[in-house]
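Contents: one structure, followed by commentary.
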Amino acid sequence: MSADAHPSGADDGDAQRPPTPGPDEPGAPQAEEEAREREALARAAEAGIHCLAIPTPFQVGRVNAYLIEDSPLTLVDSGPNSAKALDELEQALAAHGHAVEDIELLIVTHQHIDHFGLASILARRSRAEVAALDRLAPFLAHYGEQAELDDLFAERIMLRHGIPADMVSVLRTVSAGFRAWGAAVDVTRPLADGEVLALRDRTLRVLHRPGHSPSDTVFLDEQRSILLAADHLIKHISSNPLLARPLDGGGDFEHRPQALITYIASLEATRAMGLSIALSGHGQPILDHVALIDERFRLHRRRAAKIHGLIAAGPLTAHEIAQELWGNVAVTQAFLTLSEVLGHVDLLLADGRAVERESGGVVRFAAT
Ligand SMILES: [Zn+2]
């Protein structure tokens with residue numbers, strides 16, 4: 001379900017609890033935190049990196065594109081394919097003295113439509129190079145068919161894990177309706193994991209950090225230790241480890257990727273980096289990525305323990321577990337919550353604390 005494949009309300013199983021202060025500095029007054037965030041954005045802007053918040057029709061709200069005033073003039077992500085997003089992007093570029101036609105390099109951070117939807121239109125108008133992870137290029141070039149395969153994959157997984165058929169068909173319709181916010185785009189500058197993209201005033205290290213999606217790519221401004229983190233790390237929401245077909249998976253629907261296990265390994269790699277600021281695909285800049293990642297690790301351990309407690313009382317499908325955790329969520333959230341549950345069940349399976357049993361095409365999990 002690429003349609004709704006962005007972080008959302010399903011981010012936190014403890015969502016019933018009142019919001020707590022940001023993990024950067026537990027207990028820091030809100031105003032102080034906001035001042036630090038503004039200061040971080042100002043420092044990034046001084047380095048030529050400007051945050052442009054572009055509207056999306058999705059629950060996640062605005063998506064952050066980043067204008068890098070360098071040579072080539074670079075835009076990281078584009079926003080979704082909509083007239084409103086294009087209009088606001090043009091205004092935001094104009095505020096910095098630029099037009100769409102001036103963009104020379106367009107970078108795509110990952111395969112979600114809130115991030116690359118407009119790329120095709122921008123590339124056509126500006127004749128900019130389009131850069132993205134090499135393994136992502138075929139997906140972007142054949143977005144329509146790829147989105148269809150994603151939906152088939154999601155349908156198969158949902159039925160296998162106990163989501164009722166009528167709900168699955170509603171989700172397919174919703175997803176198909178969202179598809180027009182994306183558009184196929186040709187990657188002219190494929191990027192290898194670990195390579196360096198050299199601009200006049202900086203080098204951007206390309207780092208593949210899969211988990212939230214199979215193609216998540218982050219870009220490190222090596223001179224300033226500023227990380228363009230996209231949806232790999234978001235301050236106010238725990239990025240969903242969304243279940244997705246592997247990038248080279250074609251029509252293989254039999255193997256369920258272990259998105260959360262992959263994501264945790266990616267977070268560990270990012271945790272080991274020395275960063276001054278991490279700029280996210282949504283929301284505010286992150287000033288203490290180590291504290292934030294540690295908070296996410298605690299959340300994942302807590303949630304896995306909770307699920308272990310639930311299945312200790314008797315075998316459950318992933319959908320039943322999601323209902324126990326979050327009640328009857330909106331239909332559109334069903335795939336996101338399923339992804340969350342399966343991610344945490346994978347942790348239990350890997351530790352030998354749960355087993356998977358299939359009967360009549362439906363999987364149930366039991367505690368050991
Ligand atoms: Zn996003």
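Starting from 1 in every chain, residues are counted up; chains themselves are A, B, ... following the order of the structure tokens, and ligands are numbered from 1 as listed.
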| task | Output the neighbourhood of ligand 1 as an NGL selection string, that is, all protein and nucleic acid residues with some atom at most 12 Å from the ligand, counting only C-alpha atoms and all ligand atoms. | result | :A and (2-8 or 53-65 or 77-80 or 108-117 or 212-213 or 216 or 229-234 or 237-240 or 242 or 280-283)
| Test item: residues at most 9 Å from Gly144 (chain A), only C-alpha atoms, excluding those fewer than 3 positions along its chain, as an NGL selection string | :A and (139-141 or 147-149 or 179 or 182-184)
Hey, what's within 9 Å of Ile321 (chain A) if we count only C-alpha atoms and toss same-chain stuff fewer than 6 positions away? As a short mmCIF file (atom, residue, chain, number, x, y, z; two decimals) with all heavy atoms, in the first residue's frame, please?
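See part-v8.cif below for the written result:
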```
data_model
loop_
_atom_site.label_atom_id
_atom_site.label_comp_id
_atom_site.auth_asym_id
_atom_site.auth_seq_id
_atom_site.Cartn_x
_atom_site.Cartn_y
_atom_site.Cartn_z
N ILE A 307 3.36 -7.53 23.15
CA ILE A 307 2.80 -8.53 22.21
C ILE A 307 3.07 -9.94 22.74
O ILE A 307 2.21 -10.82 22.68
CB ILE A 307 3.39 -8.32 20.80
CG1 ILE A 307 2.82 -7.03 20.20
CG2 ILE A 307 3.08 -9.52 19.90
CD1 ILE A 307 3.43 -6.63 18.86
N LEU A 310 0.46 -10.77 25.15
CA LEU A 310 -0.84 -11.06 24.52
C LEU A 310 -0.89 -12.48 23.98
O LEU A 310 -1.87 -13.20 24.20
CB LEU A 310 -1.12 -10.07 23.38
CG LEU A 310 -1.41 -8.61 23.77
CD1 LEU A 310 -1.49 -7.74 22.52
CD2 LEU A 310 -2.71 -8.53 24.57
N ILE A 311 0.16 -12.90 23.27
CA ILE A 311 0.11 -14.23 22.65
C ILE A 311 0.41 -15.34 23.68
O ILE A 311 0.17 -16.51 23.41
CB ILE A 311 1.02 -14.36 21.40
CG1 ILE A 311 2.48 -14.03 21.73
CG2 ILE A 311 0.51 -13.47 20.27
CD1 ILE A 311 3.43 -14.26 20.54
N LEU A 338 -0.81 -3.43 10.97
CA LEU A 338 -0.35 -4.80 10.69
C LEU A 338 1.17 -4.83 10.52
O LEU A 338 1.85 -5.72 11.03
CB LEU A 338 -1.04 -5.32 9.42
CG LEU A 338 -0.82 -6.80 9.11
CD1 LEU A 338 -1.60 -7.67 10.08
CD2 LEU A 338 -1.22 -7.13 7.68
N VAL A 341 2.78 -4.60 13.93
CA VAL A 341 2.70 -5.86 14.70
C VAL A 341 3.68 -6.88 14.14
O VAL A 341 4.44 -7.50 14.88
CB VAL A 341 1.25 -6.41 14.68
CG1 VAL A 341 1.23 -7.84 15.20
CG2 VAL A 341 0.34 -5.52 15.52
#
```
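Excluding region 254-260 of chain A itself and any same-chain residue fewer than 6 positions from it, the protein and nucleic acid residues within 7 Å of it, counting only C-alpha atoms, are Gly211, Pro241, Leu242, Leu243, Gly343, His344 and Asp346 of chain A.
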| What's the 9 Å shell around Arg135 (chain A), counting only C-alpha atoms, without same-chain residues fewer than 4 positions away, as a ChimeraX atom specification? | /A:139,190-192,215,247-248
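Across the model, the gap from CA of Ile277 (chain A) to CA of Ile293 (chain A) is 13.7 Å.
CA of Thr74 (chain A) is positioned 9.4 Å from CA of Ile49 (chain A).
Picture a line from CA of Gly360 (chain A) to CA of Ser339 (chain A); it runs 21.4 Å.
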| task | Just list the residues in region 197-339 of chain A DSSP gives alpha helix (DSSP H) on the backbone, as a PyMOL selection string. | result | chain A and resi 259-271+289-312+318-326+334-339
| said: Give me, as number ranges by chain, all polymer residues having an atom no more than 10 Å from Val185 (chain A), counting only C-alpha atoms and skipping those fewer than 6 positions away in the same chain. | reply: A: 116-124, 130, 137-143
| task | Pick out the residues sitting within 8 Å of His50 (chain A), and hand them over as a PyMOL selection string; count only C-alpha atoms, and ignore anything fewer than 3 positions along from it in its own chain. | result | chain A and resi 41+44-45+66-68
With N, CA, C and O atoms retained, write the just-selected residues as a PDB file, in the first residue's frame.
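So the final result, stored in result00.pdb, reads:
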```pdb
ATOM      1  N   LEU A  41      17.507  25.155  12.246  1.00  0.00           N
ATOM      2  CA  LEU A  41      17.101  25.449  10.871  1.00  0.00           C
ATOM      3  C   LEU A  41      17.888  26.642  10.334  1.00  0.00           C
ATOM      4  O   LEU A  41      18.265  26.681   9.159  1.00  0.00           O
ATOM      5  N   ALA A  44      21.310  25.425   9.392  1.00  0.00           N
ATOM      6  CA  ALA A  44      21.246  24.696   8.117  1.00  0.00           C
ATOM      7  C   ALA A  44      21.132  25.701   6.966  1.00  0.00           C
ATOM      8  O   ALA A  44      21.803  25.564   5.937  1.00  0.00           O
ATOM      9  N   ALA A  45      20.298  26.723   7.150  1.00  0.00           N
ATOM     10  CA  ALA A  45      20.099  27.733   6.100  1.00  0.00           C
ATOM     11  C   ALA A  45      21.410  28.470   5.811  1.00  0.00           C
ATOM     12  O   ALA A  45      21.727  28.768   4.656  1.00  0.00           O
ATOM     13  N   TYR A  66      14.072  19.875   0.651  1.00  0.00           N
ATOM     14  CA  TYR A  66      15.202  20.727   1.036  1.00  0.00           C
ATOM     15  C   TYR A  66      15.865  21.293  -0.208  1.00  0.00           C
ATOM     16  O   TYR A  66      16.243  20.539  -1.114  1.00  0.00           O
ATOM     17  N   LEU A  67      15.960  22.616  -0.228  1.00  0.00           N
ATOM     18  CA  LEU A  67      16.658  23.305  -1.302  1.00  0.00           C
ATOM     19  C   LEU A  67      18.112  23.487  -0.859  1.00  0.00           C
ATOM     20  O   LEU A  67      18.364  24.034   0.220  1.00  0.00           O
ATOM     21  N   ILE A  68      19.056  23.009  -1.664  1.00  0.00           N
ATOM     22  CA  ILE A  68      20.473  23.215  -1.344  1.00  0.00           C
ATOM     23  C   ILE A  68      21.036  24.207  -2.349  1.00  0.00           C
ATOM     24  O   ILE A  68      21.133  23.917  -3.555  1.00  0.00           O
TER      25      ILE A  68
END
```
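The strand (DSSP E) portion of region 190-306 of chain A consists of Pro190, Leu191, Val196, Leu197, Ala198, Thr203, Leu204, Arg205, Val206, Leu207, His208, Thr217, Val218, Phe219, Leu220, Asp221, Ile226, Leu227, Leu228, Ala229, Ala230, Ile277, Ala278, Leu279 and Ser280 of chain A, with states taken from DSSP on the backbone.
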Any chance you can output those residues with C-alpha atoms as a compact mmCIF listing (two decimals), in the first residue's frame?
```
# COMPACT_ATOMS: atom_id res chain seq x y z
CA PRO A 190 21.77 6.34 -10.22
CA LEU A 191 23.57 6.39 -6.87
CA VAL A 196 29.87 10.59 -2.78
CA LEU A 197 27.88 13.21 -4.64
CA ALA A 198 30.21 16.16 -5.14
CA THR A 203 30.16 16.47 -0.59
CA LEU A 204 27.04 14.45 0.08
CA ARG A 205 27.70 10.88 1.20
CA VAL A 206 24.96 8.54 -0.05
CA LEU A 207 23.89 6.00 2.58
CA HIS A 208 21.23 3.32 2.12
CA THR A 217 18.48 6.78 1.45
CA VAL A 218 20.06 9.45 3.65
CA PHE A 219 22.58 12.07 2.55
CA LEU A 220 25.37 13.30 4.78
CA ASP A 221 26.83 16.77 4.23
CA ILE A 226 24.28 17.64 8.65
CA LEU A 227 22.24 14.56 7.74
CA LEU A 228 19.36 14.76 5.30
CA ALA A 229 17.52 11.91 6.96
CA ALA A 230 14.16 11.90 5.12
CA ILE A 277 21.73 18.17 12.88
CA ALA A 278 19.47 15.61 11.25
CA LEU A 279 16.91 17.14 8.90
CA SER A 280 13.77 15.00 8.55
```
